[in-house]
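Enquirer: Have a peek at start09.pdb (PDB, C-alpha atoms).
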ATOM      1  CA  MET A   1     -28.522  -6.661 -14.713  1.00  0.00           C
ATOM      2  CA  GLU A   2     -27.083  -7.548 -11.329  1.00  0.00           C
ATOM      3  CA  ARG A   3     -23.556  -7.190 -12.708  1.00  0.00           C
ATOM      4  CA  ARG A   4     -24.378  -3.718 -14.051  1.00  0.00           C
ATOM      5  CA  ILE A   5     -25.744  -2.631 -10.681  1.00  0.00           C
ATOM      6  CA  TRP A   6     -22.596  -3.959  -8.992  1.00  0.00           C
ATOM      7  CA  LEU A   7     -20.305  -2.118 -11.406  1.00  0.00           C
ATOM      8  CA  ALA A   8     -22.284   1.094 -10.934  1.00  0.00           C
ATOM      9  CA  ASN A   9     -21.687   0.995  -7.183  1.00  0.00           C
ATOM     10  CA  ALA A  10     -18.179  -0.462  -7.298  1.00  0.00           C
ATOM     11  CA  HIS A  11     -16.424   2.914  -7.263  1.00  0.00           C
ATOM     12  CA  LYS A  12     -18.128   4.006  -4.035  1.00  0.00           C
ATOM     13  CA  ILE A  13     -17.355   0.649  -2.447  1.00  0.00           C
ATOM     14  CA  ARG A  14     -13.708   0.907  -3.511  1.00  0.00           C
ATOM     15  CA  VAL A  15     -13.316   4.346  -1.981  1.00  0.00           C
ATOM     16  CA  VAL A  16     -14.816   3.192   1.318  1.00  0.00           C
ATOM     17  CA  LEU A  17     -12.614   0.083   1.356  1.00  0.00           C
ATOM     18  CA  HIS A  18      -9.442   2.050   0.666  1.00  0.00           C
ATOM     19  CA  VAL A  19     -10.243   4.667   3.328  1.00  0.00           C
ATOM     20  CA  VAL A  20     -11.064   2.023   5.949  1.00  0.00           C
ATOM     21  CA  ALA A  21      -8.102  -0.219   5.108  1.00  0.00           C
ATOM     22  CA  SER A  22      -5.519   2.566   5.061  1.00  0.00           C
ATOM     23  CA  ALA A  23      -6.872   4.097   8.290  1.00  0.00           C
ATOM     24  CA  ASN A  24      -7.095   0.771  10.120  1.00  0.00           C
ATOM     25  CA  LEU A  25      -3.674  -0.485   9.041  1.00  0.00           C
ATOM     26  CA  GLY A  26      -2.085   2.928   9.465  1.00  0.00           C
ATOM     27  CA  TYR A  27      -3.301   3.232  13.043  1.00  0.00           C
ATOM     28  CA  ALA A  28      -2.262  -0.360  13.781  1.00  0.00           C
ATOM     29  CA  LEU A  29       1.264   0.382  12.562  1.00  0.00           C
ATOM     30  CA  TYR A  30       1.405   3.589  14.571  1.00  0.00           C
ATOM     31  CA  TYR A  31       0.233   1.820  17.728  1.00  0.00           C
ATOM     32  CA  ASP A  32       2.618  -1.089  17.181  1.00  0.00           C
ATOM     33  CA  TYR A  33       5.593   1.205  16.617  1.00  0.00           C
ATOM     34  CA  MET A  34       4.848   3.626  19.443  1.00  0.00           C
ATOM     35  CA  TYR A  35       3.367   1.500  22.197  1.00  0.00           C
ATOM     36  CA  VAL A  36       4.154  -2.183  21.707  1.00  0.00           C
ATOM     37  CA  GLU A  37       7.494  -2.995  23.293  1.00  0.00           C
ATOM     38  CA  LEU A  38       8.764  -6.258  24.694  1.00  0.00           C
ATOM     39  CA  PRO A  39      10.202  -6.126  28.225  1.00  0.00           C
ATOM     40  CA  ALA A  40      13.982  -5.672  28.449  1.00  0.00           C
ATOM     41  CA  LEU A  41      14.063  -9.176  29.891  1.00  0.00           C
ATOM     42  CA  ALA A  42      13.122 -10.544  26.460  1.00  0.00           C
ATOM     43  CA  VAL A  43      16.439  -9.327  25.055  1.00  0.00           C
ATOM     44  CA  GLU A  44      18.365 -10.546  28.098  1.00  0.00           C
ATOM     45  CA  LEU A  45      16.827 -14.003  27.682  1.00  0.00           C
ATOM     46  CA  ARG A  46      17.716 -13.892  23.967  1.00  0.00           C
ATOM     47  CA  LEU A  47      14.078 -14.061  22.911  1.00  0.00           C
ATOM     48  CA  GLU A  48      14.488 -11.050  20.634  1.00  0.00           C
ATOM     49  CA  PRO A  49      17.504  -9.814  18.650  1.00  0.00           C
ATOM     50  CA  PRO A  50      18.718  -6.439  19.982  1.00  0.00           C
ATOM     51  CA  MET A  51      18.633  -4.775  16.544  1.00  0.00           C
ATOM     52  CA  GLY A  52      16.278  -3.875  13.735  1.00  0.00           C
ATOM     53  CA  GLY A  53      13.364  -2.865  15.941  1.00  0.00           C
ATOM     54  CA  LYS A  54       9.984  -3.459  14.321  1.00  0.00           C
ATOM     55  CA  PHE A  55      11.597  -3.506  10.884  1.00  0.00           C
ATOM     56  CA  LYS A  56      12.936  -7.020  11.338  1.00  0.00           C
ATOM     57  CA  TYR A  57       9.450  -8.557  11.393  1.00  0.00           C
ATOM     58  CA  LEU A  58       7.738  -9.519   8.152  1.00  0.00           C
ATOM     59  CA  THR A  59       4.351  -8.744   9.711  1.00  0.00           C
ATOM     60  CA  PHE A  60       5.316  -5.100  10.326  1.00  0.00           C
ATOM     61  CA  LEU A  61       6.989  -4.690   6.927  1.00  0.00           C
ATOM     62  CA  THR A  62       3.954  -6.188   5.197  1.00  0.00           C
ATOM     63  CA  GLY A  63       1.711  -3.805   7.141  1.00  0.00           C
ATOM     64  CA  LEU A  64       3.753  -0.856   5.866  1.00  0.00           C
ATOM     65  CA  LEU A  65       3.459  -2.082   2.298  1.00  0.00           C
ATOM     66  CA  GLN A  66      -0.276  -2.727   2.621  1.00  0.00           C
ATOM     67  CA  THR A  67      -0.926   0.723   4.091  1.00  0.00           C
ATOM     68  CA  GLY A  68       1.049   2.361   1.299  1.00  0.00           C
ATOM     69  CA  TYR A  69      -0.890   0.352  -1.265  1.00  0.00           C
ATOM     70  CA  TYR A  70      -4.339   1.375  -0.006  1.00  0.00           C
ATOM     71  CA  LEU A  71      -3.301   5.021   0.151  1.00  0.00           C
ATOM     72  CA  LEU A  72      -2.058   4.769  -3.430  1.00  0.00           C
ATOM     73  CA  ALA A  73      -5.274   3.010  -4.466  1.00  0.00           C
ATOM     74  CA  LEU A  74      -7.277   5.806  -2.853  1.00  0.00           C
ATOM     75  CA  GLY A  75      -5.219   8.300  -4.830  1.00  0.00           C
ATOM     76  CA  GLN A  76      -6.077   6.398  -7.995  1.00  0.00           C
ATOM     77  CA  ASP A  77      -9.781   6.471  -7.071  1.00  0.00           C
ATOM     78  CA  LEU A  78      -9.627  10.257  -6.837  1.00  0.00           C
ATOM     79  CA  CYS A  79      -7.174  11.138  -9.626  1.00  0.00           C
ATOM     80  CA  ARG A  80      -7.571   8.281 -12.124  1.00  0.00           C
ATOM     81  CA  LEU A  81      -4.039   8.480 -13.496  1.00  0.00           C
ATOM     82  CA  ARG A  82      -2.730   5.740 -15.746  1.00  0.00           C
ATOM     83  CA  ALA A  83       0.675   5.627 -14.024  1.00  0.00           C
ATOM     84  CA  LEU A  84      -0.976   5.202 -10.628  1.00  0.00           C
ATOM     85  CA  ARG A  85      -3.216   2.448 -11.969  1.00  0.00           C
ATOM     86  CA  GLN A  86      -0.262   0.530 -13.388  1.00  0.00           C
ATOM     87  CA  LEU A  87       1.679   0.832 -10.144  1.00  0.00           C
ATOM     88  CA  ARG A  88      -1.425  -0.122  -8.132  1.00  0.00           C
ATOM     89  CA  ASP A  89      -2.006  -3.239 -10.217  1.00  0.00           C
ATOM     90  CA  TYR A  90       1.629  -4.341  -9.986  1.00  0.00           C
ATOM     91  CA  LEU A  91       1.778  -3.860  -6.219  1.00  0.00           C
ATOM     92  CA  LEU A  92      -1.455  -5.785  -5.719  1.00  0.00           C
ATOM     93  CA  ALA A  93      -0.320  -8.692  -7.863  1.00  0.00           C
ATOM     94  CA  SER A  94       3.281  -9.031  -6.717  1.00  0.00           C
ATOM     95  CA  PHE A  95       3.141  -7.967  -3.075  1.00  0.00           C
ATOM     96  CA  VAL A  96      -0.218  -7.203  -1.482  1.00  0.00           C
ATOM     97  CA  VAL A  97      -2.008 -10.515  -2.034  1.00  0.00           C
ATOM     98  CA  PRO A  98       0.997 -12.895  -1.781  1.00  0.00           C
ATOM     99  CA  LEU A  99       2.494 -11.270   1.330  1.00  0.00           C
ATOM    100  CA  ALA A 100      -0.834 -10.884   3.140  1.00  0.00           C
ATOM    101  CA  LEU A 101      -1.521 -14.601   2.675  1.00  0.00           C
ATOM    102  CA  THR A 102       2.075 -15.559   3.497  1.00  0.00           C
ATOM    103  CA  VAL A 103       2.006 -13.673   6.800  1.00  0.00           C
ATOM    104  CA  SER A 104      -1.469 -14.805   7.821  1.00  0.00           C
ATOM    105  CA  VAL A 105      -1.351 -18.468   6.799  1.00  0.00           C
ATOM    106  CA  THR A 106       2.162 -18.988   8.182  1.00  0.00           C
ATOM    107  CA  PHE A 107       1.364 -17.284  11.485  1.00  0.00           C
ATOM    108  CA  TRP A 108      -1.873 -19.141  12.198  1.00  0.00           C
ATOM    109  CA  THR A 109      -0.472 -22.475  11.035  1.00  0.00           C
ATOM    110  CA  LEU A 110       2.506 -22.174  13.391  1.00  0.00           C
ATOM    111  CA  CYS A 111       0.190 -21.053  16.197  1.00  0.00           C
ATOM    112  CA  ALA A 112      -1.949 -24.145  15.642  1.00  0.00           C
ATOM    113  CA  ILE A 113       1.107 -26.407  15.723  1.00  0.00           C
ATOM    114  CA  ASN A 114       2.842 -24.793  18.702  1.00  0.00           C
ATOM    115  CA  ARG A 115       1.868 -21.318  19.832  1.00  0.00           C
ATOM    116  CA  GLU A 116       4.918 -20.991  22.093  1.00  0.00           C
ATOM    117  CA  SER A 117       7.180 -21.160  19.062  1.00  0.00           C
ATOM    118  CA  ILE A 118       5.770 -18.079  17.365  1.00  0.00           C
ATOM    119  CA  TYR A 119       3.449 -16.180  19.732  1.00  0.00           C
ATOM    120  CA  PRO A 120       3.977 -17.011  23.433  1.00  0.00           C
ATOM    121  CA  PRO A 121       1.035 -16.201  25.748  1.00  0.00           C
ATOM    122  CA  PHE A 122       2.977 -13.416  27.512  1.00  0.00           C
ATOM    123  CA  LEU A 123       2.729 -11.395  24.284  1.00  0.00           C
ATOM    124  CA  ASP A 124      -1.001 -10.959  24.955  1.00  0.00           C
ATOM    125  CA  VAL A 125       0.013  -8.475  27.644  1.00  0.00           C
ATOM    126  CA  VAL A 126       1.916  -6.184  25.271  1.00  0.00           C
ATOM    127  CA  TYR A 127       0.318  -7.030  21.915  1.00  0.00           C
ATOM    128  CA  PRO A 128      -3.468  -6.376  22.036  1.00  0.00           C
ATOM    129  CA  LYS A 129      -5.829  -8.864  20.412  1.00  0.00           C
ATOM    130  CA  TRP A 130      -7.248  -6.208  18.085  1.00  0.00           C
ATOM    131  CA  LEU A 131      -3.748  -5.475  16.817  1.00  0.00           C
ATOM    132  CA  ASN A 132      -3.033  -9.170  16.298  1.00  0.00           C
ATOM    133  CA  ARG A 133      -6.256  -9.578  14.313  1.00  0.00           C
ATOM    134  CA  THR A 134      -5.526  -6.492  12.218  1.00  0.00           C
ATOM    135  CA  MET A 135      -1.981  -7.533  11.292  1.00  0.00           C
ATOM    136  CA  HIS A 136      -2.663 -11.248  10.797  1.00  0.00           C
ATOM    137  CA  CYS A 137      -6.305 -11.423   9.665  1.00  0.00           C
ATOM    138  CA  TYR A 138      -7.601  -8.141   8.320  1.00  0.00           C
ATOM    139  CA  VAL A 139      -4.728  -7.825   5.834  1.00  0.00           C
ATOM    140  CA  VAL A 140      -6.106 -10.899   4.054  1.00  0.00           C
ATOM    141  CA  ILE A 141      -9.718  -9.714   4.278  1.00  0.00           C
ATOM    142  CA  TYR A 142      -8.780  -6.350   2.784  1.00  0.00           C
ATOM    143  CA  ALA A 143      -6.760  -8.003   0.011  1.00  0.00           C
ATOM    144  CA  LEU A 144      -9.639 -10.325  -0.921  1.00  0.00           C
ATOM    145  CA  LEU A 145     -12.141  -7.453  -0.859  1.00  0.00           C
ATOM    146  CA  GLU A 146      -9.782  -5.486  -3.087  1.00  0.00           C
ATOM    147  CA  LEU A 147      -9.773  -8.329  -5.606  1.00  0.00           C
ATOM    148  CA  CYS A 148     -13.568  -8.449  -5.507  1.00  0.00           C
ATOM    149  CA  THR A 149     -14.187  -4.714  -5.896  1.00  0.00           C
ATOM    150  CA  THR A 150     -11.443  -3.602  -8.292  1.00  0.00           C
ATOM    151  CA  ALA A 151     -10.479  -4.952 -11.710  1.00  0.00           C
ATOM    152  CA  HIS A 152      -6.701  -5.292 -11.900  1.00  0.00           C
ATOM    153  CA  ARG A 153      -4.522  -5.863 -14.939  1.00  0.00           C
ATOM    154  CA  TYR A 154      -2.032  -8.410 -13.713  1.00  0.00           C
ATOM    155  CA  PRO A 155       1.490  -7.945 -15.117  1.00  0.00           C
ATOM    156  CA  LYS A 156       3.195 -10.565 -17.217  1.00  0.00           C
ATOM    157  CA  ARG A 157       3.862 -13.445 -14.890  1.00  0.00           C
ATOM    158  CA  GLY A 158       7.632 -13.160 -15.246  1.00  0.00           C
ATOM    159  CA  LYS A 159       7.593  -9.541 -14.077  1.00  0.00           C
ATOM    160  CA  GLY A 160       5.233 -10.329 -11.229  1.00  0.00           C
ATOM    161  CA  TYR A 161       7.323 -13.269 -10.096  1.00  0.00           C
ATOM    162  CA  ALA A 162      10.487 -11.167 -10.296  1.00  0.00           C
ATOM    163  CA  GLY A 163       9.099  -8.572  -7.892  1.00  0.00           C
ATOM    164  CA  LEU A 164       7.864 -11.176  -5.426  1.00  0.00           C
ATOM    165  CA  ALA A 165      11.145 -13.108  -5.610  1.00  0.00           C
ATOM    166  CA  ALA A 166      13.120  -9.918  -4.946  1.00  0.00           C
ATOM    167  CA  VAL A 167      11.067  -9.082  -1.847  1.00  0.00           C
ATOM    168  CA  MET A 168      11.184 -12.615  -0.436  1.00  0.00           C
ATOM    169  CA  GLY A 169      14.891 -12.915  -1.196  1.00  0.00           C
ATOM    170  CA  CYS A 170      15.723  -9.583   0.448  1.00  0.00           C
ATOM    171  CA  TYR A 171      13.780 -10.487   3.559  1.00  0.00           C
ATOM    172  CA  LEU A 172      15.496 -13.871   3.873  1.00  0.00           C
ATOM    173  CA  ILE A 173      18.879 -12.150   3.527  1.00  0.00           C
ATOM    174  CA  TRP A 174      17.866  -9.617   6.199  1.00  0.00           C
ATOM    175  CA  LEU A 175      16.666 -12.394   8.497  1.00  0.00           C
ATOM    176  CA  HIS A 176      19.985 -14.255   8.154  1.00  0.00           C
ATOM    177  CA  LEU A 177      22.017 -11.058   8.626  1.00  0.00           C
ATOM    178  CA  VAL A 178      20.237 -10.353  11.918  1.00  0.00           C
ATOM    179  CA  HIS A 179      21.017 -13.891  13.033  1.00  0.00           C
ATOM    180  CA  TYR A 180      24.644 -13.579  11.906  1.00  0.00           C
ATOM    181  CA  TRP A 181      25.190 -10.311  13.789  1.00  0.00           C
ATOM    182  CA  THR A 182      23.303 -11.234  16.963  1.00  0.00           C
ATOM    183  CA  GLY A 183      23.303 -15.031  17.092  1.00  0.00           C
ATOM    184  CA  ILE A 184      19.511 -14.918  17.616  1.00  0.00           C
ATOM    185  CA  TRP A 185      16.804 -15.861  15.146  1.00  0.00           C
ATOM    186  CA  ILE A 186      14.041 -13.290  14.709  1.00  0.00           C
ATOM    187  CA  TYR A 187      11.524 -16.113  15.125  1.00  0.00           C
ATOM    188  CA  PRO A 188      12.420 -18.461  18.036  1.00  0.00           C
ATOM    189  CA  PHE A 189      11.072 -21.632  16.368  1.00  0.00           C
ATOM    190  CA  LEU A 190      13.903 -21.442  13.800  1.00  0.00           C
ATOM    191  CA  ASP A 191      16.309 -22.479  16.559  1.00  0.00           C
ATOM    192  CA  ALA A 192      14.571 -25.838  16.736  1.00  0.00           C
ATOM    193  CA  LEU A 193      15.062 -26.512  13.014  1.00  0.00           C
ATOM    194  CA  VAL A 194      18.357 -28.080  12.016  1.00  0.00           C
ATOM    195  CA  GLY A 195      20.086 -26.806   8.853  1.00  0.00           C
ATOM    196  CA  PRO A 196      18.399 -28.922   6.130  1.00  0.00           C
ATOM    197  CA  LEU A 197      14.995 -28.707   7.802  1.00  0.00           C
ATOM    198  CA  ARG A 198      15.319 -24.935   8.082  1.00  0.00           C
ATOM    199  CA  LEU A 199      16.174 -24.671   4.387  1.00  0.00           C
ATOM    200  CA  CYS A 200      13.132 -26.799   3.553  1.00  0.00           C
ATOM    201  CA  PHE A 201      10.960 -24.493   5.653  1.00  0.00           C
ATOM    202  CA  PHE A 202      12.220 -21.395   3.841  1.00  0.00           C
ATOM    203  CA  ALA A 203      11.769 -23.095   0.470  1.00  0.00           C
ATOM    204  CA  LEU A 204       8.201 -24.055   1.389  1.00  0.00           C
ATOM    205  CA  ILE A 205       7.311 -20.517   2.457  1.00  0.00           C
ATOM    206  CA  VAL A 206       8.716 -19.057  -0.766  1.00  0.00           C
ATOM    207  CA  ALA A 207       6.948 -21.696  -2.884  1.00  0.00           C
ATOM    208  CA  LEU A 208       3.652 -20.989  -1.133  1.00  0.00           C
ATOM    209  CA  SER A 209       4.052 -17.252  -1.731  1.00  0.00           C
ATOM    210  CA  PHE A 210       4.210 -17.939  -5.464  1.00  0.00           C
ATOM    211  CA  GLY A 211       1.156 -20.162  -5.091  1.00  0.00           C
ATOM    212  CA  TYR A 212      -0.662 -17.235  -3.450  1.00  0.00           C
ATOM    213  CA  TYR A 213       0.358 -15.065  -6.414  1.00  0.00           C
ATOM    214  CA  ARG A 214      -1.288 -17.549  -8.774  1.00  0.00           C
ATOM    215  CA  LEU A 215      -4.357 -17.688  -6.544  1.00  0.00           C
ATOM    216  CA  GLY A 216      -4.780 -13.918  -6.692  1.00  0.00           C
ATOM    217  CA  GLU A 217      -4.270 -13.969 -10.442  1.00  0.00           C
ATOM    218  CA  HIS A 218      -6.891 -16.692 -10.845  1.00  0.00           C
ATOM    219  CA  VAL A 219      -9.457 -14.912  -8.665  1.00  0.00           C
ATOM    220  CA  ASN A 220      -8.940 -11.671 -10.584  1.00  0.00           C
ATOM    221  CA  CYS A 221      -9.341 -13.514 -13.884  1.00  0.00           C
ATOM    222  CA  VAL A 222     -12.544 -15.260 -12.817  1.00  0.00           C
ATOM    223  CA  LEU A 223     -14.149 -12.130 -11.375  1.00  0.00           C
ATOM    224  CA  TRP A 224     -13.066  -9.601 -13.954  1.00  0.00           C
ATOM    225  CA  ASP A 225     -12.316 -11.546 -17.153  1.00  0.00           C
ATOM    226  CA  ASN A 226      -8.569 -10.778 -17.057  1.00  0.00           C
ATOM    227  CA  GLY A 227      -9.198  -7.252 -15.764  1.00  0.00           C
ATOM    228  CA  ARG A 228     -10.886  -6.003 -18.911  1.00  0.00           C
TER
END
Can the structure from this file be put into structure tokens for me?
Expert:
Amino acid sequence: MERRIWLANAHKIRVVLHVVASANLGYALYYDYMYVELPALAVELRLEPPMGGKFKYLTFLTGLLQTGYYLLALGQDLCRLRALRQLRDYLLASFVVPLALTVSVTFWTLCAINRESIYPPFLDVVYPKWLNRTMHCYVVIYALLELCTTAHRYPKRGKGYAGLAAVMGCYLIWLHLVHYWTGIWIYPFLDALVGPLRLCFFALIVALSFGYYRLGEHVNCVLWDNGR
């Protein structure tokens, strides 16, 4: 009985979630892009590469993807098209859940180890706390709520892994290209990691992202009986 009541109200809950998530993340991206700017001194001190703008940060790129996903999911709520549903399910499985967890867990873990290495205190002046919470916390909350309120048909694991591997691989290439062209790592803590240790760090992050994929798949299976 309780499950039937939940399913009867799930559509309304989904619509509210998708409206709130897309509006919150969309505004956060707009504010970040328009108003958050490091002082020119940061570039002079080689704390930030002088290229790529916001699009060199995985947090910002993930925010763009998440916003696009929730807008698409809202479109599916309203139109109920099979093509939209298939795209929605693939994006959730391969990108939304794994990248939200990758960004959040990595950021807060590095902050706990050494905040200076990833988020120096001076950033509090230019990067508001609400924006930090939105980009590094709420993305995970929204992704978990999405898993709980919407049944998704996960793709075959090979296809899901392929999409995630492509995104992670492209970002690592982009990160190394920025370093090659500017001599500056996007994230300052990478300077402190010697070659083999840096490779181990990248391998760990990629491996964890696939673990997050499996976690999302498992949660979806437990809650929705394989999405049926």
Enquirer: Fewer than 5 positions away in the same chain doesn't count, so skip those; otherwise give me all residues within 9 Å of Tyr138 in chain A, counting all atoms listed in the file, as number ranges by chain.
Expert: A: 21, 25, 100, 133, 143
Enquirer: Nearest to Tyr142 in chain A among A:Phe60, A:Ser209, A:Leu223, A:Leu101, with distances taken over all atoms listed in the file: which residue is it?
Expert: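 Checking each candidate against Tyr142 in chain A, we get A:Leu101 as the closest.
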Enquirer: So that I can check the surroundings of Leu65 in chain A, please list as an MDAnalysis selection string every protein, DNA and RNA residue that reaches within 12 Å of it, counting all atoms listed in the file and ignoring chain neighbours fewer than 4 positions away.
Expert: chainID A and resid 22 25:26 29 55 58:61 69:72 88 91:92 94:100 135 139 167
Enquirer: Can I get the selected residues back with C-alpha atoms, as a PDB file, in the frame of the given file?
Expert:
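Saved the output as again15.pdb:
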ATOM      1  CA  SER A  22      -5.519   2.566   5.061  1.00  0.00           C
ATOM      2  CA  LEU A  25      -3.674  -0.485   9.041  1.00  0.00           C
ATOM      3  CA  GLY A  26      -2.085   2.928   9.465  1.00  0.00           C
ATOM      4  CA  LEU A  29       1.264   0.382  12.562  1.00  0.00           C
ATOM      5  CA  PHE A  55      11.597  -3.506  10.884  1.00  0.00           C
ATOM      6  CA  LEU A  58       7.738  -9.519   8.152  1.00  0.00           C
ATOM      7  CA  THR A  59       4.351  -8.744   9.711  1.00  0.00           C
ATOM      8  CA  PHE A  60       5.316  -5.100  10.326  1.00  0.00           C
ATOM      9  CA  LEU A  61       6.989  -4.690   6.927  1.00  0.00           C
ATOM     10  CA  TYR A  69      -0.890   0.352  -1.265  1.00  0.00           C
ATOM     11  CA  TYR A  70      -4.339   1.375  -0.006  1.00  0.00           C
ATOM     12  CA  LEU A  71      -3.301   5.021   0.151  1.00  0.00           C
ATOM     13  CA  LEU A  72      -2.058   4.769  -3.430  1.00  0.00           C
ATOM     14  CA  ARG A  88      -1.425  -0.122  -8.132  1.00  0.00           C
ATOM     15  CA  LEU A  91       1.778  -3.860  -6.219  1.00  0.00           C
ATOM     16  CA  LEU A  92      -1.455  -5.785  -5.719  1.00  0.00           C
ATOM     17  CA  SER A  94       3.281  -9.031  -6.717  1.00  0.00           C
ATOM     18  CA  PHE A  95       3.141  -7.967  -3.075  1.00  0.00           C
ATOM     19  CA  VAL A  96      -0.218  -7.203  -1.482  1.00  0.00           C
ATOM     20  CA  VAL A  97      -2.008 -10.515  -2.034  1.00  0.00           C
ATOM     21  CA  PRO A  98       0.997 -12.895  -1.781  1.00  0.00           C
ATOM     22  CA  LEU A  99       2.494 -11.270   1.330  1.00  0.00           C
ATOM     23  CA  ALA A 100      -0.834 -10.884   3.140  1.00  0.00           C
ATOM     24  CA  MET A 135      -1.981  -7.533  11.292  1.00  0.00           C
ATOM     25  CA  VAL A 139      -4.728  -7.825   5.834  1.00  0.00           C
ATOM     26  CA  VAL A 167      11.067  -9.082  -1.847  1.00  0.00           C
TER      27      VAL A 167
END
Enquirer: Mind checking which residues fall within 8 Å of Gln86 in chain A, counting all atoms listed in the file, ignoring those fewer than 4 positions away in the same chain, and posting them as number ranges by chain?
Expert: A: 82, 90, 153
Enquirer: For the structure provided, state which residues fall under the PyMOL selection byres ((chain A and resi 184) around 10), and present them as a ChimeraX atom specification.
Expert: /A:43,46-50,175-176,178-183,185-188,190-191
Enquirer: Measuring between all atoms listed in the file, which one of A:Leu131, A:Leu84, A:Leu110, A:Ala73 shows the shortest distance to Tyr27 in chain A?
Expert: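 For Tyr27 in chain A, the nearest of the given residues is A:Leu131.
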Enquirer: Show me, as JSON, numbers by chain, the residues that have an atom within 12 Å of Val206 in chain A when counting only C-alpha atoms, minus same-chain residues fewer than 3 positions from it.
Expert: {"A": [98, 99, 101, 102, 103, 106, 161, 164, 165, 166, 167, 168, 169, 170, 171, 172, 199, 200, 201, 202, 203, 209, 210, 211, 212, 213]}
Enquirer: If you measure from CA of Asp32 in chain A to CA of Val16 in chain A, what distance in Å do you get, rounded to one decimal?
Expert: 24.0 Å
